[in-house]
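Structure file data.cif (mmCIF, C-alpha atoms, pLDDT in the B column; chains and numbers go by the auth columns) follows.
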```cif
data_structure
#
loop_
_atom_site.group_PDB
_atom_site.id
_atom_site.type_symbol
_atom_site.label_atom_id
_atom_site.label_comp_id
_atom_site.label_asym_id
_atom_site.label_seq_id
_atom_site.Cartn_x
_atom_site.Cartn_y
_atom_site.Cartn_z
_atom_site.B_iso_or_equiv
_atom_site.auth_seq_id
_atom_site.auth_asym_id
ATOM 1 C CA ASP A 1 2.549 132.184 97.634 55.00 113 L
ATOM 2 C CA ALA A 2 0.887 132.069 94.254 64.00 114 L
ATOM 3 C CA GLY A 3 1.096 135.385 92.428 92.00 115 L
ATOM 4 C CA ILE A 4 -2.507 136.520 92.489 95.00 116 L
ATOM 5 C CA THR A 5 -3.639 140.080 92.992 96.00 117 L
ATOM 6 C CA GLN A 6 -7.106 141.529 93.067 97.00 118 L
ATOM 7 C CA SER A 7 -8.135 145.107 92.517 96.00 119 L
ATOM 8 C CA PRO A 8 -9.640 147.033 94.039 97.00 120 L
ATOM 9 C CA ARG A 9 -9.372 145.525 97.517 96.00 121 L
ATOM 10 C CA HIS A 10 -12.298 147.542 98.794 97.00 122 L
ATOM 11 C CA LYS A 11 -15.097 149.286 96.974 97.00 123 L
ATOM 12 C CA VAL A 12 -18.278 151.048 97.949 97.00 124 L
ATOM 13 C CA THR A 13 -20.770 151.763 95.209 97.00 125 L
ATOM 14 C CA GLU A 14 -24.413 152.592 94.741 97.00 126 L
ATOM 15 C CA THR A 15 -27.234 150.438 93.475 97.00 127 L
ATOM 16 C CA GLY A 16 -27.505 150.468 89.703 97.00 128 L
ATOM 17 C CA THR A 17 -23.908 151.383 88.931 96.00 129 L
ATOM 18 C CA PRO A 18 -21.585 149.083 86.969 96.00 130 L
ATOM 19 C CA VAL A 19 -18.628 147.582 88.795 97.00 131 L
ATOM 20 C CA THR A 20 -15.623 145.678 87.474 98.00 132 L
ATOM 21 C CA LEU A 21 -13.295 143.647 89.624 98.00 133 L
ATOM 22 C CA ARG A 22 -9.931 142.524 88.318 98.00 134 L
ATOM 23 C CA CYS A 23 -7.931 139.425 89.049 98.00 135 L
ATOM 24 C CA HIS A 24 -4.348 139.265 87.854 98.00 136 L
ATOM 25 C CA GLN A 25 -2.031 136.243 88.037 97.00 137 L
ATOM 26 C CA THR A 26 1.637 135.783 87.296 96.00 138 L
ATOM 27 C CA GLU A 27 1.591 131.968 87.415 93.00 139 L
ATOM 28 C CA ASN A 28 0.422 131.330 83.851 93.00 140 L
ATOM 29 C CA HIS A 29 -2.291 129.018 85.176 93.00 141 L
ATOM 30 C CA ARG A 30 -4.964 127.996 82.726 92.00 142 L
ATOM 31 C CA TYR A 31 -7.957 128.012 85.053 92.00 143 L
ATOM 32 C CA MET A 32 -9.317 131.052 86.863 94.00 144 L
ATOM 33 C CA TYR A 33 -12.358 131.328 89.093 94.00 145 L
ATOM 34 C CA TRP A 34 -14.507 133.956 90.739 97.00 146 L
ATOM 35 C CA TYR A 35 -16.224 133.161 94.034 96.00 147 L
ATOM 36 C CA ARG A 36 -18.309 135.149 96.429 97.00 148 L
ATOM 37 C CA GLN A 37 -18.200 134.553 100.166 95.00 149 L
ATOM 38 C CA ASP A 38 -21.192 135.231 102.354 93.00 150 L
ATOM 39 C CA PRO A 39 -21.864 134.254 105.971 87.00 151 L
ATOM 40 C CA GLY A 40 -23.599 130.905 106.186 84.00 152 L
ATOM 41 C CA HIS A 41 -22.896 130.086 102.538 87.00 153 L
ATOM 42 C CA GLY A 42 -19.186 129.535 102.402 88.00 154 L
ATOM 43 C CA LEU A 43 -17.732 130.150 98.964 91.00 155 L
ATOM 44 C CA ARG A 44 -19.941 129.902 95.921 92.00 156 L
ATOM 45 C CA LEU A 45 -18.681 129.828 92.375 92.00 157 L
ATOM 46 C CA ILE A 46 -19.826 132.677 90.127 95.00 158 L
ATOM 47 C CA HIS A 47 -17.960 132.033 86.883 95.00 159 L
ATOM 48 C CA TYR A 48 -14.807 130.325 85.811 93.00 160 L
ATOM 49 C CA SER A 49 -12.473 130.326 82.848 93.00 161 L
ATOM 50 C CA TYR A 50 -10.622 127.400 81.319 90.00 162 L
ATOM 51 C CA GLY A 51 -8.625 129.440 78.850 91.00 163 L
ATOM 52 C CA VAL A 52 -8.468 132.753 77.028 93.00 164 L
ATOM 53 C CA LYS A 53 -11.972 133.660 75.900 91.00 165 L
ATOM 54 C CA ASP A 54 -13.306 130.396 77.372 93.00 166 L
ATOM 55 C CA THR A 55 -15.647 130.897 80.288 94.00 167 L
ATOM 56 C CA ASP A 56 -18.576 129.154 81.893 92.00 168 L
ATOM 57 C CA LYS A 57 -21.185 129.798 84.543 92.00 169 L
ATOM 58 C CA GLY A 58 -21.022 128.650 88.111 90.00 170 L
ATOM 59 C CA GLU A 59 -23.625 128.209 90.786 88.00 171 L
ATOM 60 C CA VAL A 60 -24.540 131.893 91.275 94.00 172 L
ATOM 61 C CA SER A 61 -23.893 133.570 87.927 95.00 173 L
ATOM 62 C CA ASP A 62 -27.048 135.692 87.615 95.00 174 L
ATOM 63 C CA GLY A 63 -26.193 139.399 87.510 96.00 175 L
ATOM 64 C CA TYR A 64 -22.523 138.793 86.739 97.00 176 L
ATOM 65 C CA SER A 65 -20.465 138.581 83.583 97.00 177 L
ATOM 66 C CA VAL A 66 -16.793 137.798 83.036 97.00 178 L
ATOM 67 C CA SER A 67 -14.138 138.253 80.425 97.00 179 L
ATOM 68 C CA ARG A 68 -10.701 136.855 79.863 97.00 180 L
ATOM 69 C CA SER A 69 -8.809 138.400 76.972 95.00 181 L
ATOM 70 C CA LYS A 70 -5.385 137.216 78.139 95.00 182 L
ATOM 71 C CA THR A 71 -4.098 134.449 80.353 95.00 183 L
ATOM 72 C CA GLU A 72 -3.174 136.632 83.286 96.00 184 L
ATOM 73 C CA ASP A 73 -6.360 138.673 83.690 97.00 185 L
ATOM 74 C CA PHE A 74 -9.898 137.641 84.595 98.00 186 L
ATOM 75 C CA LEU A 75 -12.484 140.374 84.993 98.00 187 L
ATOM 76 C CA LEU A 76 -15.760 140.147 86.864 98.00 188 L
ATOM 77 C CA THR A 77 -18.428 142.700 85.987 98.00 189 L
ATOM 78 C CA LEU A 78 -21.605 143.583 87.773 97.00 190 L
ATOM 79 C CA GLU A 79 -23.563 145.359 85.061 93.00 191 L
ATOM 80 C CA SER A 80 -25.956 147.011 87.501 96.00 192 L
ATOM 81 C CA ALA A 81 -25.001 146.399 91.100 96.00 193 L
ATOM 82 C CA THR A 82 -27.648 145.463 93.653 97.00 194 L
ATOM 83 C CA SER A 83 -27.496 145.330 97.438 97.00 195 L
ATOM 84 C CA SER A 84 -27.643 141.523 97.285 96.00 196 L
ATOM 85 C CA GLN A 85 -24.251 141.609 95.590 97.00 197 L
ATOM 86 C CA THR A 86 -22.622 143.075 98.669 97.00 198 L
ATOM 87 C CA SER A 87 -20.060 140.410 99.459 97.00 199 L
ATOM 88 C CA VAL A 88 -16.408 139.484 99.542 96.00 200 L
ATOM 89 C CA TYR A 89 -15.194 138.325 96.151 97.00 201 L
ATOM 90 C CA PHE A 90 -12.303 135.943 95.731 96.00 202 L
ATOM 91 C CA CYS A 91 -10.377 135.027 92.651 96.00 203 L
ATOM 92 C CA ALA A 92 -8.671 131.654 92.433 94.00 204 L
ATOM 93 C CA ILE A 93 -6.358 129.981 89.955 94.00 205 L
ATOM 94 C CA SER A 94 -5.452 126.414 89.139 90.00 206 L
ATOM 95 C CA ASP A 95 -3.194 124.778 86.607 86.00 207 L
ATOM 96 C CA SER A 96 -5.610 121.935 85.936 78.00 208 L
ATOM 97 C CA ALA A 97 -9.250 121.006 86.244 69.00 209 L
ATOM 98 C CA GLY A 98 -11.375 120.495 89.364 62.00 210 L
ATOM 99 C CA GLY A 99 -9.207 117.775 90.780 68.00 211 L
ATOM 100 C CA ASN A 100 -6.285 120.028 91.527 78.00 212 L
ATOM 101 C CA GLU A 101 -5.941 122.581 94.275 85.00 213 L
ATOM 102 C CA GLN A 102 -6.910 126.186 93.752 90.00 214 L
ATOM 103 C CA PHE A 103 -4.875 129.128 94.962 92.00 215 L
ATOM 104 C CA PHE A 104 -6.715 132.167 96.188 93.00 216 L
ATOM 105 C CA GLY A 105 -6.237 135.882 95.955 95.00 217 L
ATOM 106 C CA PRO A 106 -6.632 138.243 98.917 93.00 218 L
ATOM 107 C CA GLY A 107 -10.241 139.150 98.129 95.00 219 L
ATOM 108 C CA THR A 108 -12.240 142.269 97.307 97.00 220 L
ATOM 109 C CA ARG A 109 -14.808 143.590 99.744 96.00 221 L
ATOM 110 C CA LEU A 110 -17.677 145.133 97.800 98.00 222 L
ATOM 111 C CA THR A 111 -20.440 147.126 99.428 97.00 223 L
ATOM 112 C CA VAL A 112 -23.468 148.148 97.386 97.00 224 L
ATOM 113 C CA LEU A 113 -25.527 150.863 99.043 96.00 225 L
ATOM 114 C CA ALA B 1 -24.312 116.314 92.418 69.00 288 T
ATOM 115 C CA GLN B 2 -21.319 117.024 94.553 76.00 289 T
ATOM 116 C CA SER B 3 -21.777 118.656 97.922 86.00 290 T
ATOM 117 C CA VAL B 4 -19.910 119.218 101.149 92.00 291 T
ATOM 118 C CA THR B 5 -21.316 119.449 104.656 95.00 292 T
ATOM 119 C CA GLN B 6 -19.516 120.886 107.642 96.00 293 T
ATOM 120 C CA PRO B 7 -21.896 120.185 110.515 96.00 294 T
ATOM 121 C CA ASP B 8 -20.217 122.465 113.036 95.00 295 T
ATOM 122 C CA ILE B 9 -20.655 126.175 112.419 95.00 296 T
ATOM 123 C CA HIS B 10 -18.516 127.184 115.362 96.00 297 T
ATOM 124 C CA ILE B 11 -16.148 125.321 117.696 97.00 298 T
ATOM 125 C CA THR B 12 -14.336 126.564 120.779 97.00 299 T
ATOM 126 C CA VAL B 13 -11.337 124.724 122.178 97.00 300 T
ATOM 127 C CA SER B 14 -8.743 125.467 124.818 97.00 301 T
ATOM 128 C CA GLU B 15 -5.181 126.065 123.770 97.00 302 T
ATOM 129 C CA GLY B 16 -3.280 122.787 123.900 97.00 303 T
ATOM 130 C CA ALA B 17 -6.384 120.669 123.480 97.00 304 T
ATOM 131 C CA SER B 18 -6.946 118.400 120.523 97.00 305 T
ATOM 132 C CA LEU B 19 -9.144 119.410 117.623 97.00 306 T
ATOM 133 C CA GLU B 20 -11.331 117.612 115.120 97.00 307 T
ATOM 134 C CA LEU B 21 -13.331 119.413 112.459 98.00 308 T
ATOM 135 C CA ARG B 22 -15.877 117.361 110.595 98.00 309 T
ATOM 136 C CA CYS B 23 -16.465 117.232 106.862 97.00 310 T
ATOM 137 C CA ASN B 24 -18.848 114.999 104.939 96.00 311 T
ATOM 138 C CA TYR B 25 -19.065 114.941 101.194 92.00 312 T
ATOM 139 C CA SER B 26 -21.367 113.608 98.545 88.00 313 T
ATOM 140 C CA TYR B 27 -19.798 112.398 95.338 80.00 314 T
ATOM 141 C CA GLY B 28 -20.299 109.350 93.171 69.00 315 T
ATOM 142 C CA ALA B 29 -16.686 108.446 92.551 73.00 316 T
ATOM 143 C CA THR B 30 -13.460 108.933 94.456 72.00 317 T
ATOM 144 C CA PRO B 31 -13.332 112.608 95.263 83.00 318 T
ATOM 145 C CA TYR B 32 -10.433 114.973 95.503 89.00 319 T
ATOM 146 C CA LEU B 33 -10.659 116.518 98.954 92.00 320 T
ATOM 147 C CA PHE B 34 -9.146 119.641 100.422 94.00 321 T
ATOM 148 C CA TRP B 35 -8.994 121.622 103.619 97.00 322 T
ATOM 149 C CA TYR B 36 -8.399 125.369 103.523 97.00 323 T
ATOM 150 C CA VAL B 37 -7.895 127.856 106.329 97.00 324 T
ATOM 151 C CA GLN B 38 -8.885 131.513 106.268 95.00 325 T
ATOM 152 C CA SER B 39 -7.576 133.976 108.820 92.00 326 T
ATOM 153 C CA PRO B 40 -9.634 137.136 109.378 87.00 327 T
ATOM 154 C CA GLY B 41 -9.458 139.479 106.410 83.00 328 T
ATOM 155 C CA GLN B 42 -7.308 137.080 104.422 86.00 329 T
ATOM 156 C CA GLY B 43 -7.673 134.765 101.483 88.00 330 T
ATOM 157 C CA LEU B 44 -7.786 131.001 101.723 93.00 331 T
ATOM 158 C CA GLN B 45 -4.662 128.946 102.299 94.00 332 T
ATOM 159 C CA LEU B 46 -4.440 125.257 101.467 94.00 333 T
ATOM 160 C CA LEU B 47 -3.799 123.083 104.539 96.00 334 T
ATOM 161 C CA LEU B 48 -3.813 119.676 102.901 95.00 335 T
ATOM 162 C CA LYS B 49 -5.291 117.606 100.129 93.00 336 T
ATOM 163 C CA TYR B 50 -6.259 114.029 99.351 92.00 337 T
ATOM 164 C CA PHE B 51 -6.126 112.626 95.856 86.00 338 T
ATOM 165 C CA SER B 52 -5.485 108.907 96.320 81.00 339 T
ATOM 166 C CA GLY B 53 -3.341 106.445 98.217 83.00 340 T
ATOM 167 C CA ASP B 54 -2.767 106.685 101.954 85.00 341 T
ATOM 168 C CA THR B 55 -6.003 107.751 103.589 89.00 342 T
ATOM 169 C CA LEU B 56 -4.223 109.713 106.306 95.00 343 T
ATOM 170 C CA VAL B 57 -2.710 112.871 104.887 95.00 344 T
ATOM 171 C CA GLN B 58 -0.405 115.332 106.558 96.00 345 T
ATOM 172 C CA GLY B 59 -0.600 119.034 105.969 96.00 346 T
ATOM 173 C CA ILE B 60 0.990 122.251 107.053 95.00 347 T
ATOM 174 C CA LYS B 61 0.895 123.704 110.568 94.00 348 T
ATOM 175 C CA GLY B 62 0.645 120.257 112.172 96.00 349 T
ATOM 176 C CA PHE B 63 -2.753 119.379 110.699 97.00 350 T
ATOM 177 C CA GLU B 64 -3.764 116.000 109.365 97.00 351 T
ATOM 178 C CA ALA B 65 -6.941 114.586 107.848 97.00 352 T
ATOM 179 C CA GLU B 66 -8.276 111.108 107.321 96.00 353 T
ATOM 180 C CA PHE B 67 -10.327 110.022 104.337 93.00 354 T
ATOM 181 C CA LYS B 68 -12.963 107.439 105.219 93.00 355 T
ATOM 182 C CA ARG B 69 -14.799 106.255 102.160 90.00 356 T
ATOM 183 C CA SER B 70 -17.337 104.199 104.123 90.00 357 T
ATOM 184 C CA GLN B 71 -18.411 107.291 106.040 93.00 358 T
ATOM 185 C CA SER B 72 -17.951 109.793 103.193 92.00 359 T
ATOM 186 C CA SER B 73 -15.879 111.850 105.577 95.00 360 T
ATOM 187 C CA PHE B 74 -12.652 113.801 105.546 96.00 361 T
ATOM 188 C CA ASN B 75 -12.177 115.108 109.075 98.00 362 T
ATOM 189 C CA LEU B 76 -9.398 117.494 109.986 98.00 363 T
ATOM 190 C CA ARG B 77 -7.405 116.936 113.174 98.00 364 T
ATOM 191 C CA LYS B 78 -4.692 118.537 115.203 98.00 365 T
ATOM 192 C CA PRO B 79 -3.331 117.028 118.415 97.00 366 T
ATOM 193 C CA SER B 80 -2.589 120.319 120.180 97.00 367 T
ATOM 194 C CA VAL B 81 -4.181 123.594 119.156 97.00 368 T
ATOM 195 C CA HIS B 82 -2.299 126.892 119.281 96.00 369 T
ATOM 196 C CA TRP B 83 -3.894 130.320 119.699 95.00 370 T
ATOM 197 C CA SER B 84 -2.792 131.158 116.147 95.00 371 T
ATOM 198 C CA ASP B 85 -5.037 128.388 114.795 96.00 372 T
ATOM 199 C CA ALA B 86 -8.103 130.531 115.427 96.00 373 T
ATOM 200 C CA ALA B 87 -9.595 130.974 111.957 97.00 374 T
ATOM 201 C CA GLU B 88 -12.288 129.768 109.587 96.00 375 T
ATOM 202 C CA TYR B 89 -11.798 126.318 108.095 97.00 376 T
ATOM 203 C CA PHE B 90 -13.297 125.157 104.830 96.00 377 T
ATOM 204 C CA CYS B 91 -13.574 121.683 103.391 96.00 378 T
ATOM 205 C CA ALA B 92 -13.850 121.360 99.621 93.00 379 T
ATOM 206 C CA VAL B 93 -14.387 118.596 97.083 90.00 380 T
ATOM 207 C CA GLY B 94 -13.315 118.523 93.467 84.00 381 T
ATOM 208 C CA ALA B 95 -13.740 115.981 90.724 73.00 382 T
ATOM 209 C CA SER B 96 -11.135 114.298 88.607 64.00 383 T
ATOM 210 C CA THR B 97 -13.089 115.600 85.641 65.00 384 T
ATOM 211 C CA GLY B 98 -14.914 118.863 85.395 63.00 385 T
ATOM 212 C CA ASN B 99 -13.851 122.291 86.455 66.00 386 T
ATOM 213 C CA GLN B 100 -15.539 123.030 89.733 72.00 387 T
ATOM 214 C CA PHE B 101 -14.856 122.905 93.406 80.00 388 T
ATOM 215 C CA TYR B 102 -17.608 122.689 95.991 87.00 389 T
ATOM 216 C CA PHE B 103 -17.016 124.240 99.373 91.00 390 T
ATOM 217 C CA GLY B 104 -18.617 123.588 102.709 93.00 391 T
ATOM 218 C CA THR B 105 -20.048 126.500 104.651 93.00 392 T
ATOM 219 C CA GLY B 106 -17.061 126.594 106.967 95.00 393 T
ATOM 220 C CA THR B 107 -16.309 126.054 110.655 97.00 394 T
ATOM 221 C CA SER B 108 -15.170 128.965 112.756 96.00 395 T
ATOM 222 C CA LEU B 109 -12.595 128.007 115.385 97.00 396 T
ATOM 223 C CA THR B 110 -12.072 129.975 118.569 97.00 397 T
ATOM 224 C CA VAL B 111 -9.114 129.135 120.789 97.00 398 T
ATOM 225 C CA ILE B 112 -9.299 130.166 124.440 96.00 399 T
ATOM 226 C CA PRO B 113 -6.240 130.483 126.694 90.00 400 T
#
```
Could you show the structure in this file as structure tokens?
Amino acid sequence: DAGITQSPRHKVTETGTPVTLRCHQTENHRYMYWYRQDPGHGLRLIHYSYGVKDTDKGEVSDGYSVSRSKTEDFLLTLESATSSQTSVYFCAISDSAGGNEQFFGPGTRLTVL
Amino acid sequence: AQSVTQPDIHITVSEGASLELRCNYSYGATPYLFWYVQSPGQGLQLLLKYFSGDTLVQGIKGFEAEFKRSQSSFNLRKPSVHWSDAAEYFCAVGASTGNQFYFGTGTSLTVIP
């Protein structure tokens, strides 16, 4: 299995509070992705990174920001969490662009009350 | 724009029966196609992928998929389903250029004894 960890694995927070999710990889892959998974929507891309300090928006980026200061870590921040951001968040990594497979972390279940 | 459609939200099959999960994609050029499986509470695991060449691809756990360009389809098959195959299955499409994957909304598989 690809070396991908996510922390925390579960989190409950209140509306309006900031939240940061961490994705850590040991594979030295260039590309990292954040998805959210919601019933009826499958996985939707939030943001992705194609290198240190290089990031771009995905399909559902509003309300989220990311940072990547080193190859192994990709952080997802909800500046002011809302109930609509209650979801399961997955990190993925890939060693090349969209044509290559992505490897997924175990996920973080976030509940915003 | 790229998109993926999985027409079946939920499928129930008997153990030992054959299985076919449908996937249709929209993409202007030859796509890179993937099937992932997600067991409850877990991340996504790659079952198989199609990049080019032979249109029938073999994957793990006895799964196979056939790429049919004329029908824009990439259906997943298994000749004899086991109870452990009960899971959520996702089809995804990526491009040879660009950085994004697009996932279908998933098909939930129930296996009855």
Pick from L:Ser179, L:Arg221, L:Met144, L:Gln214: nearest to Val380 (chain T), with all atoms listed in the file counted?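 Answer, going by the shortest atom-to-atom distance: L:Gln214.
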What lies within 10 Å of Arg364 (chain T) using all atoms listed in the file, ignoring chain neighbours under 4 positions off, as a VMD selection string? chain T and resid 305 to 309 345 349 to 353 368
Top pick for closest residue to chain L, considering T:Cys378, T:Ala373, T:Leu331, T:Ile399 and counting all atoms listed in the file: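 Nearest candidate to chain L out of T:Cys378, T:Ala373, T:Leu331, T:Ile399: T:Leu331.
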Test item: the PyMOL selection byres ((chain L) within 10 of (chain T)) resolved as a PyMOL selection string: chain L and resi 113+143-145+149-157+159-162+168+170-171+200-204+206+208-221
For CA of Leu222 (chain L) and CA of Thr183 (chain L), determine how far apart the two atoms are, in Å to one decimal place.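 So the two atoms, CA of Leu222 (chain L) and CA of Thr183 (chain L), lie 24.6 Å apart.
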For a test of reading the model, state the distance in Å between CA of Arg356 (chain T) and CA of Asp207 (chain L), rounded to one decimal. 26.8 Å
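Straight-line separation from CA of Thr198 (chain L) to CA of Ile158 (chain L): 13.7 Å.
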If you count all atoms listed in the file, which residues fall within 9 Å of Thr299 (chain T), apart from same-chain ones fewer than 4 positions away, as a list in words?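 The contact residues come out as Ser395, Leu396, Thr397, Val398 and Ile399 of chain T.
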Quick one: residues within 8 Å of Gly128 (chain L), all atoms listed in the file, excluding same-chain residues fewer than 4 positions away - as a ChimeraX atom specification? /L:191-194
Between L:Glu139, L:Tyr147, L:Leu187, L:Ser199, which residue has the minimum interatomic distance to Ser119 (chain L), considering all atoms listed in the file?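 Smallest distance to Ser119 (chain L) is found for L:Leu187.
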Determine, counting only C-alpha atoms, every residue of protein, DNA or RNA that lies within 7 Å of (-10.1, 139.1, 88.5) in the file coordinates, then give the result as a PyMOL selection string. chain L and resi 118+133-136+185-188+203
Which centre and which edge lengths, in Å to one decimal, describe the axis-aligned box that holds all listed atoms of region 200-206 of chain L after 3 Å is added on each side, as AutoDock Vina command-line options?
```
--center_x -10.9 --center_y 132.9 --center_z 94.3 --size_x 17.0 --size_y 19.1 --size_z 16.4
```
For the PyMOL selection byres ((chain T and resi 302) around 7), applied here, can you spell out every residue it catches as a list in words? Val300, Ser301, Gly303, Ala304, Val368, His369, Trp370, Val398, Ile399 and Pro400 of chain T
Filtering to C-alpha atoms, could you give me those residues as a PDB file, in the frame of the given file?
```pdb
ATOM      1  CA  VAL T 300     -11.337 124.724 122.178  1.00 97.00           C
ATOM      2  CA  SER T 301      -8.743 125.467 124.818  1.00 97.00           C
ATOM      3  CA  GLY T 303      -3.280 122.787 123.900  1.00 97.00           C
ATOM      4  CA  ALA T 304      -6.384 120.669 123.480  1.00 97.00           C
ATOM      5  CA  VAL T 368      -4.181 123.594 119.156  1.00 97.00           C
ATOM      6  CA  HIS T 369      -2.299 126.892 119.281  1.00 96.00           C
ATOM      7  CA  TRP T 370      -3.894 130.320 119.699  1.00 95.00           C
ATOM      8  CA  VAL T 398      -9.114 129.135 120.789  1.00 97.00           C
ATOM      9  CA  ILE T 399      -9.299 130.166 124.440  1.00 96.00           C
ATOM     10  CA  PRO T 400      -6.240 130.483 126.694  1.00 90.00           C
TER      11      PRO T 400
END
```
Hits from the PyMOL selection byres ((chain L and resi 124) around 10), listed as a VMD selection string: chain L and resid 122 to 123 125 to 126 131 198 221 to 225
